[in-house]
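Asks: Below is structure_0.cif; it holds mmCIF, C-alpha atoms and all ligand atoms.
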data_run
loop_
_atom_site.label_atom_id
_atom_site.label_comp_id
_atom_site.auth_asym_id
_atom_site.auth_seq_id
_atom_site.Cartn_x
_atom_site.Cartn_y
_atom_site.Cartn_z
CA MET A 1 23.62 -11.22 7.64
CA LYS A 2 23.95 -10.59 3.92
CA ILE A 3 20.45 -10.79 2.46
CA ASP A 4 19.97 -12.36 -0.92
CA PHE A 5 17.31 -10.23 -2.59
CA PRO A 6 15.37 -11.33 -5.67
CA PRO A 7 15.85 -9.31 -8.89
CA ARG A 8 14.79 -5.70 -8.65
CA LEU A 9 14.31 -2.69 -10.93
CA GLU A 10 15.36 0.70 -9.59
CA LEU A 11 12.22 2.82 -9.70
CA ALA A 12 12.14 4.56 -6.32
CA HIS A 13 14.30 7.42 -5.09
CA THR A 14 16.01 5.78 -2.15
CA PRO A 15 17.22 5.93 0.52
CA THR A 16 14.38 8.16 1.63
CA PRO A 17 15.25 10.63 4.41
CA LEU A 18 14.81 9.84 8.09
CA HIS A 19 14.24 12.98 10.16
CA ARG A 20 13.79 13.65 13.84
CA LEU A 21 10.88 16.05 14.41
CA SER A 22 11.52 18.00 17.58
CA ARG A 23 8.18 19.81 17.88
CA THR A 24 6.19 16.62 17.42
CA SER A 25 8.53 14.83 19.84
CA ALA A 26 7.72 17.46 22.46
CA GLU A 27 4.01 17.25 21.67
CA LEU A 28 3.82 13.47 21.91
CA GLY A 29 6.40 12.89 24.66
CA VAL A 30 8.46 10.40 22.61
CA GLU A 31 11.50 10.73 20.39
CA PHE A 32 9.60 11.06 17.12
CA TRP A 33 11.24 10.32 13.79
CA ILE A 34 9.67 10.22 10.37
CA LYS A 35 10.77 7.96 7.50
CA ARG A 36 9.82 9.85 4.35
CA ASP A 37 8.57 7.17 2.00
CA ASP A 38 6.24 9.82 0.64
CA LEU A 39 9.41 10.99 -1.14
CA THR A 40 10.08 7.85 -3.17
CA GLY A 41 9.12 9.83 -6.28
CA ALA A 42 6.78 12.59 -7.46
CA ALA A 43 3.95 10.83 -9.32
CA LEU A 44 5.35 7.55 -7.99
CA SER A 45 5.32 8.78 -4.38
CA GLY A 46 4.59 6.41 -1.51
CA ASN A 47 5.21 2.86 -0.40
CA LYS A 48 3.87 0.99 -3.42
CA VAL A 49 6.79 1.74 -5.72
CA ARG A 50 9.10 -0.17 -3.37
CA LYS A 51 7.03 -3.30 -3.95
CA LEU A 52 6.74 -2.62 -7.67
CA GLU A 53 10.54 -2.65 -7.98
CA PHE A 54 10.48 -6.37 -7.28
CA LEU A 55 7.14 -7.14 -8.98
CA PHE A 56 8.05 -5.41 -12.23
CA ALA A 57 11.45 -7.13 -12.28
CA GLU A 58 9.55 -10.42 -12.23
CA ALA A 59 7.07 -9.16 -14.85
CA LEU A 60 9.89 -8.26 -17.24
CA GLU A 61 11.66 -11.55 -16.55
CA GLN A 62 8.44 -13.31 -17.59
CA ARG A 63 8.31 -11.11 -20.72
CA ALA A 64 5.00 -9.55 -19.76
CA ASP A 65 3.77 -6.61 -21.84
CA THR A 66 0.76 -5.64 -19.70
CA VAL A 67 0.28 -5.36 -15.96
CA VAL A 68 -3.15 -5.81 -14.40
CA THR A 69 -3.96 -4.75 -10.88
CA CYS A 70 -6.86 -3.61 -8.68
CA GLY A 71 -7.74 -1.22 -5.88
CA GLY A 72 -10.21 1.34 -4.58
CA GLU A 73 -11.22 4.25 -6.81
CA GLN A 74 -8.50 6.51 -5.35
CA SER A 75 -5.96 3.69 -5.05
CA ASN A 76 -2.38 4.92 -4.58
CA HIS A 77 -1.20 1.47 -5.53
CA CYS A 78 -3.00 1.59 -8.88
CA ARG A 79 -1.67 5.07 -9.62
CA ALA A 80 1.90 4.02 -8.80
CA THR A 81 1.46 0.92 -10.97
CA ALA A 82 0.18 3.01 -13.90
CA ILE A 83 3.07 5.47 -13.66
CA ALA A 84 5.72 2.78 -13.19
CA ALA A 85 4.26 0.84 -16.14
CA SER A 86 4.77 3.87 -18.39
CA GLN A 87 8.27 4.23 -17.00
CA VAL A 88 9.28 0.73 -18.06
CA GLY A 89 7.18 0.47 -21.24
CA LEU A 90 4.36 -1.80 -20.08
CA SER A 91 0.64 -1.34 -20.71
CA CYS A 92 -1.56 -1.17 -17.65
CA VAL A 93 -5.12 -2.29 -16.89
CA LEU A 94 -6.66 -1.10 -13.61
CA LEU A 95 -9.73 -2.68 -11.99
CA LEU A 96 -11.02 0.11 -9.78
CA ARG A 97 -13.72 -0.50 -7.16
CA THR A 98 -16.54 2.00 -6.98
CA ALA A 99 -20.11 2.11 -5.64
CA ASP A 100 -21.76 2.13 -9.09
CA PRO A 101 -19.56 1.13 -12.04
CA ASN A 102 -22.06 2.69 -14.47
CA ASN A 103 -21.61 6.00 -12.73
CA PRO A 104 -17.84 6.42 -12.21
CA PRO A 105 -16.45 8.76 -9.53
CA PRO A 106 -15.27 12.32 -10.27
CA PHE A 107 -12.11 12.84 -12.30
CA ARG A 108 -9.68 13.93 -9.60
CA GLY A 109 -6.80 12.86 -7.37
CA ASN A 110 -5.16 9.58 -8.34
CA ILE A 111 -7.64 8.99 -11.18
CA VAL A 112 -6.20 11.99 -13.05
CA LEU A 113 -2.73 10.44 -12.89
CA ASP A 114 -4.02 6.97 -13.84
CA ARG A 115 -5.57 8.45 -16.98
CA LEU A 116 -2.58 10.68 -17.77
CA ALA A 117 -0.35 7.61 -17.64
CA GLY A 118 -2.61 5.95 -20.22
CA ALA A 119 -3.89 3.16 -17.98
CA GLU A 120 -7.06 1.41 -19.10
CA ILE A 121 -9.55 1.78 -16.26
CA ARG A 122 -12.32 -0.74 -15.73
CA TRP A 123 -14.79 0.22 -13.03
CA ILE A 124 -15.93 -2.69 -10.91
CA SER A 125 -18.48 -3.05 -8.10
CA HIS A 126 -17.73 -4.01 -4.49
CA ALA A 127 -19.22 -7.44 -5.21
CA GLN A 128 -16.89 -7.95 -8.19
CA TYR A 129 -13.97 -6.74 -6.10
CA ALA A 130 -14.73 -9.35 -3.44
CA ARG A 131 -14.19 -11.95 -6.20
CA ARG A 132 -11.16 -10.17 -7.67
CA HIS A 133 -9.10 -13.35 -7.99
CA GLU A 134 -11.60 -14.79 -10.49
CA LEU A 135 -11.81 -11.45 -12.23
CA PHE A 136 -8.01 -11.28 -12.54
CA GLU A 137 -8.11 -14.72 -14.14
CA SER A 138 -10.77 -13.74 -16.67
CA VAL A 139 -9.09 -10.43 -17.56
CA ALA A 140 -5.74 -12.22 -17.98
CA GLU A 141 -7.44 -14.84 -20.15
CA GLU A 142 -9.04 -12.14 -22.30
CA LEU A 143 -5.66 -10.39 -22.74
CA ARG A 144 -3.91 -13.65 -23.64
CA ALA A 145 -6.61 -14.38 -26.22
CA ALA A 146 -5.80 -10.99 -27.74
CA GLY A 147 -2.13 -11.99 -28.03
CA ARG A 148 -0.90 -10.06 -24.99
CA HIS A 149 1.21 -11.23 -22.06
CA PRO A 150 -0.37 -10.10 -18.81
CA TYR A 151 1.27 -10.02 -15.39
CA VAL A 152 -1.14 -9.75 -12.46
CA VAL A 153 -0.13 -7.64 -9.49
CA PRO A 154 -2.36 -8.43 -6.49
CA GLU A 155 -4.10 -5.84 -4.32
CA GLY A 156 -1.55 -3.39 -2.94
CA GLY A 157 1.29 -5.36 -4.51
CA SER A 158 1.18 -7.36 -1.30
CA ASN A 159 2.46 -10.81 -2.10
CA ALA A 160 5.67 -12.74 -1.51
CA VAL A 161 7.49 -10.82 -4.26
CA GLY A 162 6.38 -7.24 -3.58
CA THR A 163 6.94 -7.57 0.14
CA TRP A 164 10.70 -7.71 -0.43
CA GLY A 165 10.43 -3.96 -0.91
CA TYR A 166 9.97 -3.50 2.82
CA VAL A 167 12.67 -6.00 3.72
CA LEU A 168 14.97 -3.74 1.70
CA THR A 169 13.57 -0.71 3.56
CA CYS A 170 14.60 -2.33 6.84
CA GLU A 171 18.13 -2.64 5.52
CA GLU A 172 17.99 1.05 4.60
CA LEU A 173 16.65 1.94 8.06
CA ALA A 174 19.25 -0.19 9.84
CA ALA A 175 22.00 1.82 8.13
CA GLN A 176 20.25 5.11 8.96
CA ILE A 177 19.89 4.39 12.66
CA ASP A 178 23.30 2.77 12.97
CA SER A 179 24.82 5.86 14.58
CA LEU A 180 21.92 6.34 17.05
CA PRO A 181 22.06 4.82 20.53
CA ASP A 182 20.03 1.60 20.80
CA LYS A 183 16.78 2.21 22.66
CA PRO A 184 13.33 0.64 22.62
CA THR A 185 11.99 1.75 19.25
CA THR A 186 8.84 1.07 17.28
CA ILE A 187 8.35 1.52 13.56
CA VAL A 188 4.74 2.69 13.27
CA TYR A 189 2.88 2.36 9.96
CA ALA A 190 -0.59 2.16 8.43
CA THR A 191 -1.73 -1.18 7.05
CA GLY A 192 -4.19 -1.69 4.21
CA SER A 193 -3.22 -4.85 2.38
CA GLY A 194 -0.50 -6.14 4.70
CA GLY A 195 2.59 -6.14 2.48
CA THR A 196 4.32 -3.20 4.09
CA GLY A 197 3.75 -4.62 7.58
CA ALA A 198 4.81 -8.13 6.61
CA GLY A 199 7.96 -6.80 4.95
CA LEU A 200 8.86 -4.66 7.97
CA ALA A 201 8.31 -7.53 10.41
CA VAL A 202 10.33 -10.01 8.33
CA GLY A 203 12.94 -7.38 7.50
CA ALA A 204 13.39 -6.36 11.15
CA LYS A 205 14.35 -9.96 11.89
CA MET A 206 16.59 -10.42 8.85
CA THR A 207 18.52 -7.18 9.30
CA GLY A 208 19.11 -7.51 13.04
CA LEU A 209 16.92 -4.48 13.82
CA ARG A 210 14.79 -6.61 16.10
CA GLU A 211 17.82 -7.65 18.15
CA ARG A 212 18.57 -3.95 18.57
CA GLY A 213 15.21 -3.35 20.22
CA VAL A 214 13.23 -2.29 17.17
CA ARG A 215 9.61 -3.48 16.99
CA THR A 216 6.91 -2.77 14.43
CA ALA A 217 3.29 -1.71 15.00
CA GLY A 218 0.65 -1.32 12.31
CA PHE A 219 -2.59 0.63 12.53
CA ASN A 220 -5.22 -1.04 10.36
CA VAL A 221 -7.30 1.31 8.18
CA CYS A 222 -9.86 -1.34 7.19
CA ASP A 223 -10.91 -4.81 8.36
CA ASP A 224 -9.59 -5.77 11.81
CA ARG A 225 -6.57 -7.02 13.73
CA ASP A 226 -7.30 -10.67 13.06
CA TYR A 227 -7.52 -10.07 9.30
CA PHE A 228 -4.09 -8.43 9.19
CA VAL A 229 -2.37 -10.93 11.45
CA LYS A 230 -3.57 -13.65 9.08
CA ALA A 231 -2.69 -11.66 5.95
CA MET A 232 0.83 -10.83 7.15
CA THR A 233 1.70 -14.28 8.46
CA ARG A 234 0.40 -15.76 5.20
CA ILE A 235 2.56 -13.41 3.09
CA ALA A 236 5.60 -14.22 5.24
CA ALA A 237 4.91 -17.96 4.89
CA ASP A 238 4.64 -17.58 1.10
CA MET A 239 8.01 -15.78 1.08
CA ARG A 240 9.59 -18.49 3.15
CA ALA A 241 8.15 -21.21 0.90
CA ARG A 242 9.84 -19.61 -2.09
CA TRP A 243 12.97 -18.27 -0.37
CA PRO A 244 13.82 -20.59 2.55
CA ALA A 245 16.30 -18.10 4.04
CA VAL A 246 13.33 -15.93 5.06
CA PRO A 247 12.68 -16.48 8.78
CA ALA A 248 9.33 -17.74 10.04
CA LEU A 249 6.97 -15.05 11.28
CA ASP A 250 4.57 -15.93 14.10
CA ALA A 251 1.29 -14.22 14.81
CA ASP A 252 2.51 -13.17 18.28
CA GLU A 253 5.39 -11.22 16.72
CA LEU A 254 2.93 -8.84 15.08
CA ASP A 255 1.50 -5.79 16.80
CA ILE A 256 -1.63 -4.63 14.98
CA VAL A 257 -3.42 -1.76 16.67
CA ASP A 258 -7.13 -1.96 15.96
CA GLY A 259 -9.77 0.67 16.69
CA TYR A 260 -8.91 3.48 14.28
CA VAL A 261 -10.77 2.53 11.12
CA GLY A 262 -13.16 5.32 12.13
CA LEU A 263 -16.01 5.82 9.66
CA GLY A 264 -14.62 3.13 7.36
CA TYR A 265 -12.00 2.68 4.66
CA ALA A 266 -11.19 5.98 2.93
CA LYS A 267 -13.78 7.85 5.00
CA SER A 268 -12.54 10.63 7.27
CA ARG A 269 -13.77 12.12 10.52
CA ALA A 270 -13.26 15.84 11.10
CA GLU A 271 -10.90 15.19 14.03
CA GLU A 272 -8.62 13.10 11.81
CA LEU A 273 -8.45 15.82 9.17
CA GLU A 274 -7.92 18.49 11.82
CA LEU A 275 -4.94 16.59 13.18
CA LEU A 276 -3.61 16.17 9.64
CA ARG A 277 -3.98 19.95 9.12
CA ASP A 278 -2.21 20.70 12.42
CA PHE A 279 0.66 18.41 11.45
CA VAL A 280 1.15 20.21 8.14
CA GLN A 281 1.15 23.53 9.99
CA ARG A 282 3.60 22.32 12.64
CA GLU A 283 6.01 20.34 10.47
CA GLY A 284 5.36 21.16 6.82
CA ILE A 285 4.71 17.49 6.10
CA VAL A 286 1.46 16.38 4.47
CA LEU A 287 0.00 13.06 5.62
CA ASP A 288 -2.85 11.41 3.72
CA PRO A 289 -6.41 10.91 5.01
CA VAL A 290 -6.80 7.21 4.16
CA TYR A 291 -3.62 5.69 5.64
CA SER A 292 -0.85 7.72 7.27
CA GLY A 293 -3.27 10.29 8.71
CA LYS A 294 -5.33 7.59 10.39
CA ALA A 295 -2.22 5.86 11.72
CA PHE A 296 -0.93 9.15 13.09
CA TYR A 297 -4.29 9.88 14.68
CA GLY A 298 -4.27 6.42 16.27
CA LEU A 299 -0.69 6.92 17.45
CA THR A 300 -1.58 10.15 19.28
CA ARG A 301 -4.56 8.48 20.99
CA GLU A 302 -2.55 5.43 22.03
CA LEU A 303 0.27 7.59 23.43
CA ALA A 304 -2.21 9.76 25.32
CA ALA A 305 -3.53 6.61 27.02
CA ASN A 306 -0.12 4.97 27.52
CA PRO A 307 3.01 7.08 26.89
CA SER A 308 5.32 4.06 26.87
CA ARG A 309 3.16 1.98 24.50
CA PHE A 310 5.75 2.18 21.68
CA GLY A 311 8.96 2.54 23.70
CA GLU A 312 11.18 5.62 23.78
CA ARG A 313 11.55 6.20 20.07
CA VAL A 314 8.92 6.09 17.35
CA ILE A 315 9.87 5.89 13.70
CA PHE A 316 6.71 6.84 11.85
CA LEU A 317 6.66 5.50 8.31
CA HIS A 318 5.11 8.08 6.01
CA THR A 319 3.74 5.86 3.26
CA GLY A 320 2.59 8.69 0.93
CA GLY A 321 -0.91 9.19 -0.47
CA ILE A 322 -1.03 12.94 -1.09
CA PHE A 323 -3.17 12.58 -4.23
CA GLY A 324 -5.93 10.95 -2.20
CA LEU A 325 -5.94 14.03 0.01
CA LEU A 326 -6.48 16.23 -3.03
CA ALA A 327 -9.63 14.21 -3.79
CA LYS A 328 -11.09 15.36 -0.44
CA SER A 329 -10.95 19.10 -0.97
CA GLU A 330 -14.66 19.68 -0.18
CA GLN A 331 -14.29 18.03 3.21
CA LEU A 332 -11.07 19.90 3.97
CA GLU A 333 -12.09 23.42 3.05
CA PRO A 334 -14.37 24.08 6.04
CA LEU A 335 -11.51 23.15 8.38
CA LEU A 336 -9.21 25.83 7.03
C1 LIG B 1 -1.25 1.21 0.34
C2 LIG B 1 -0.91 2.23 1.33
C3 LIG B 1 -0.62 1.88 2.66
C4 LIG B 1 -0.74 0.48 3.17
O1 LIG B 1 0.26 -0.37 2.74
P1 LIG B 1 -0.05 -1.92 2.58
O2 LIG B 1 1.25 -2.50 2.19
O3 LIG B 1 -1.09 -2.02 1.50
O4 LIG B 1 -0.56 -2.44 3.87
C5 LIG B 1 -0.26 2.88 3.53
N1 LIG B 1 -0.20 4.16 3.13
C6 LIG B 1 -0.48 4.55 1.87
C7 LIG B 1 -0.44 5.99 1.55
C8 LIG B 1 -0.84 3.60 0.92
O5 LIG B 1 -1.12 3.98 -0.32
#
As structure tokens, what does this structure read like?
Replies:
Amino acid sequence: MKIDFPPRLELAHTPTPLHRLSRTSAELGVEFWIKRDDLTGAALSGNKVRKLEFLFAEALEQRADTVVTCGGEQSNHCRATAIAASQVGLSCVLLLRTADPNNPPPFRGNIVLDRLAGAEIRWISHAQYARRHELFESVAEELRAAGRHPYVVPEGGSNAVGTWGYVLTCEELAAQIDSLPDKPTTIVYATGSGGTGAGLAVGAKMTGLRERGVRTAGFNVCDDRDYFVKAMTRIAADMRARWPAVPALDADELDIVDGYVGLGYAKSRAEELELLRDFVQREGIVLDPVYSGKAFYGLTRELAANPSRFGERVIFLHTGGIFGLLAKSEQLEPLL
């Protein structure tokens, strides 16, 4: 099926490589492949730029001059938004969640890049973040009153527009695995705001991957299974409402693997960081502690309990996040 994509800017370096990792395959007892979406760019690295390609196309179409978005203090999404904004000539306002807005977190990791890119950072509390939709409205109102034209990008870029980025990724993946024999395969990913997972699930249906035995499974890094099933089916329904060619996505088509949030969002246990370290030493590929590292940790536990849980072939989506790792140097050093 020829997919009719909405307008898109080219910001990401794609297609990203898909590699088979033989040592990890032997270690885990499955055919293990890695899809390197950590290589979508240098400062732009990770999954968010794929969503921003569609979101920024819409922003420019609407003649916006400023993008506004939100995230945690070390948000990869906010950093990618700040860098991409500079790339296309937009101003950027970031609403970053932190424990005490009067006492901002240390200047490191993604925050360094946010500031280098010239983004305006506004520190907000967890309580303000919980009401971010109202806050977006008031910030947009303030900017309009100052004669600017804001475009609001929701948390993680995860709405009907941004999610097309992972439908496009499925098309990319379908071409990459075209020459491989069909076998039960699962695309494994970390989920934090649901857009990547929704896009993969919808995209697997639209590109025929699903018919070829490819499933998707997301490891949630915050909240719980129920939250993500609702978030992803809602995003898919919003896409379908705007683009009727998008197939319906039912809750029972989603596999969300709960139980690996660990100490909480963006908090790491030593065993997770040790596994991340071992993976760098075995493969030369750096996962991140907040998302891909937790998903990989969960994957190893699930496979230890049930080797056929994800079929014969796993395609692990490396969604990026290296700058968040660099913000955890104190916790990493004792493990080295
Ligand atoms: C945001 C992010 C994710 C999660 O993607 P969502 O689309 O928000 O669910 C995974 N990995 C990394 C490194 C991220 O920055």
Asks: When you look at A:Leu180 with a cut-off of 12 Å (counting all atoms listed in the file), what residues show up, excluding the ones that are within fewer than 2 positions of it in the same chain? I need them as a ChimeraX atom specification.
Replies: /A:18,20,31,33,173-178,182-185,212,313
Asks: When you draw a straight line from atom CA of A:Ser125 to atom CA of A:Leu94, how long is it in Å?
Replies: 13.2 Å
Asks: Using only C-alpha atoms and all ligand atoms, pick whichever of A:Glu271, A:Asp288, A:Asp226, A:Glu61 has the shortest atom-to-atom distance to ligand LIG 1 (chain B).
Replies: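 Using only C-alpha atoms and all ligand atoms, ligand LIG 1 (chain B) sits closest to A:Asp288.
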Asks: Around all listed atoms of ligand LIG 1 (chain B), padded 3 Å per side, what centre and edge lengths does the axis-aligned box have in Å to one decimal, as JSON?
Replies:
{"center_x": 0.0, "center_y": 1.7, "center_z": 1.8, "size_x": 8.5, "size_y": 14.5, "size_z": 10.2}
Asks: Mind listing whatever residues come within 12 Å of the point (-10.2, 22.8, 4.0)? Use only C-alpha atoms, file coordinates, and give them as a list in words.
Replies: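 Final list of nearby residues, as requested, is Ala270, Leu273, Glu274, Leu276, Arg277, Asp278, Leu325, Leu326, Ala327, Lys328, Ser329, Glu330, Gln331, Leu332, Glu333, Pro334, Leu335 and Leu336 of chain A.
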Asks: In terms of the shortest atom-to-atom distance over all atoms listed in the file, which of A:Asn159, A:Asn47, A:Gln74, A:Thr186 is closest to ligand LIG 1 (chain B)?
Replies: A:Asn47
Asks: Which polymer residues, protein or nucleic acid, are no farther than 12 Å from (-5.7, -1.2, -7.0), counting only C-alpha atoms, as a VMD selection string?
Replies: chain A and resid 48 67 to 82 92 to 98 110 to 111 114 119 121 to 124 129 132 136 152 to 158 192 to 193
Asks: Compare A:Gly311, A:Gly298, A:Gly195, A:Gly208 by their minimum atom-to-atom distance to ligand LIG 1 (chain B), counting only C-alpha atoms and all ligand atoms, and give me the closest one.
Replies: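 Of A:Gly311, A:Gly298, A:Gly195, A:Gly208, the one nearest ligand LIG 1 (chain B), counting only C-alpha atoms and all ligand atoms, is A:Gly195.
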Asks: Would you mind telling me which residue in A:Val246, A:Ala43, A:Ala145, A:Val161 lies nearest to A:Gly109 when using all atoms listed in the file?
Replies: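 Comparing A:Val246, A:Ala43, A:Ala145, A:Val161 against A:Gly109, the winner is A:Ala43.
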Asks: Here is a test: counting all atoms listed in the file, which residue of A:Val188, A:Leu143, A:Ala304, A:Ala237 is nearest to ligand LIG 1 (chain B)?
Replies: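 Comparing A:Val188, A:Leu143, A:Ala304, A:Ala237 against ligand LIG 1 (chain B), the winner is A:Val188.
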Asks: Point out the residue among A:Glu312, A:Glu142, A:Asp223, A:Asp4 with the least atom-to-atom distance to ligand LIG 1 (chain B), counting all atoms listed in the file.
Replies: A:Asp223
Asks: In Å to one decimal, how far is atom CA of A:Tyr291 from atom CA of A:Ser268?
Replies: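 Interatomic distance here is 10.3 Å.
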Asks: Quick one: pull the distance between atom CA of A:Pro307 and atom CA of A:Phe32, Å, one decimal.
Replies: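 Pair atom CA of A:Pro307 / atom CA of A:Phe32 returns 12.4 Å.
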Asks: Any idea what's packed within 6 Å of A:Cys222, counting only C-alpha atoms, ignoring anything in its chain fewer than 2 positions away? Could you give it as a count of residues only?
Replies: 3
Asks: Can you complete the atoms of stretch 221-229 of chain A to all heavy atoms and list them as a short mmCIF file (atom, residue, chain, number, x, y, z; two decimals), in the frame of the given file?
Replies:
data_model
loop_
_atom_site.label_atom_id
_atom_site.label_comp_id
_atom_site.auth_asym_id
_atom_site.auth_seq_id
_atom_site.Cartn_x
_atom_site.Cartn_y
_atom_site.Cartn_z
N VAL A 221 -6.38 0.27 8.68
CA VAL A 221 -7.30 1.31 8.18
C VAL A 221 -8.56 0.70 7.57
O VAL A 221 -9.40 1.40 7.01
CB VAL A 221 -6.61 2.24 7.15
CG1 VAL A 221 -5.38 2.90 7.74
CG2 VAL A 221 -6.25 1.48 5.87
N CYS A 222 -8.66 -0.63 7.63
CA CYS A 222 -9.86 -1.34 7.19
C CYS A 222 -9.83 -2.68 7.91
O CYS A 222 -8.86 -2.98 8.63
CB CYS A 222 -9.87 -1.54 5.67
SG CYS A 222 -8.37 -2.28 5.01
N ASP A 223 -10.86 -3.48 7.74
CA ASP A 223 -10.91 -4.81 8.36
C ASP A 223 -10.56 -4.74 9.84
O ASP A 223 -10.87 -3.74 10.50
CB ASP A 223 -10.01 -5.79 7.58
CG ASP A 223 -10.47 -5.91 6.13
OD1 ASP A 223 -11.52 -6.51 5.90
OD2 ASP A 223 -9.79 -5.35 5.24
N ASP A 224 -9.91 -5.79 10.37
CA ASP A 224 -9.59 -5.77 11.81
C ASP A 224 -8.24 -6.44 12.07
O ASP A 224 -7.58 -6.90 11.14
CB ASP A 224 -10.71 -6.44 12.63
CG ASP A 224 -10.94 -7.89 12.19
OD1 ASP A 224 -10.09 -8.46 11.47
OD2 ASP A 224 -11.98 -8.46 12.57
N ARG A 225 -7.87 -6.49 13.33
CA ARG A 225 -6.57 -7.02 13.73
C ARG A 225 -6.37 -8.45 13.21
O ARG A 225 -5.35 -8.78 12.61
CB ARG A 225 -6.49 -6.99 15.26
CG ARG A 225 -5.21 -7.49 15.79
CD ARG A 225 -5.11 -7.50 17.30
NE ARG A 225 -3.77 -7.96 17.62
CZ ARG A 225 -3.40 -9.23 17.57
NH1 ARG A 225 -4.27 -10.18 17.24
NH2 ARG A 225 -2.15 -9.57 17.83
N ASP A 226 -7.38 -9.27 13.43
CA ASP A 226 -7.30 -10.67 13.06
C ASP A 226 -7.01 -10.83 11.56
O ASP A 226 -6.18 -11.65 11.14
CB ASP A 226 -8.64 -11.33 13.44
CG ASP A 226 -8.53 -12.83 13.39
OD1 ASP A 226 -7.54 -13.35 13.92
OD2 ASP A 226 -9.42 -13.46 12.78
N TYR A 227 -7.70 -10.02 10.76
CA TYR A 227 -7.52 -10.07 9.30
C TYR A 227 -6.06 -9.80 8.94
O TYR A 227 -5.47 -10.51 8.11
CB TYR A 227 -8.44 -9.02 8.65
CG TYR A 227 -8.26 -8.88 7.16
CD1 TYR A 227 -9.00 -9.65 6.28
CD2 TYR A 227 -7.35 -7.95 6.63
CE1 TYR A 227 -8.84 -9.53 4.91
CE2 TYR A 227 -7.18 -7.83 5.27
CZ TYR A 227 -7.92 -8.61 4.41
OH TYR A 227 -7.75 -8.48 3.06
N PHE A 228 -5.46 -8.80 9.57
CA PHE A 228 -4.09 -8.43 9.19
C PHE A 228 -3.04 -9.38 9.75
O PHE A 228 -2.01 -9.61 9.12
CB PHE A 228 -3.80 -6.97 9.56
CG PHE A 228 -4.44 -6.04 8.58
CD1 PHE A 228 -5.61 -5.37 8.89
CD2 PHE A 228 -3.92 -5.89 7.30
CE1 PHE A 228 -6.24 -4.56 7.97
CE2 PHE A 228 -4.53 -5.08 6.36
CZ PHE A 228 -5.70 -4.41 6.70
N VAL A 229 -3.31 -9.93 10.93
CA VAL A 229 -2.37 -10.93 11.45
C VAL A 229 -2.33 -12.11 10.49
O VAL A 229 -1.26 -12.60 10.11
CB VAL A 229 -2.77 -11.36 12.88
CG1 VAL A 229 -1.97 -12.59 13.32
CG2 VAL A 229 -2.54 -10.20 13.87
#
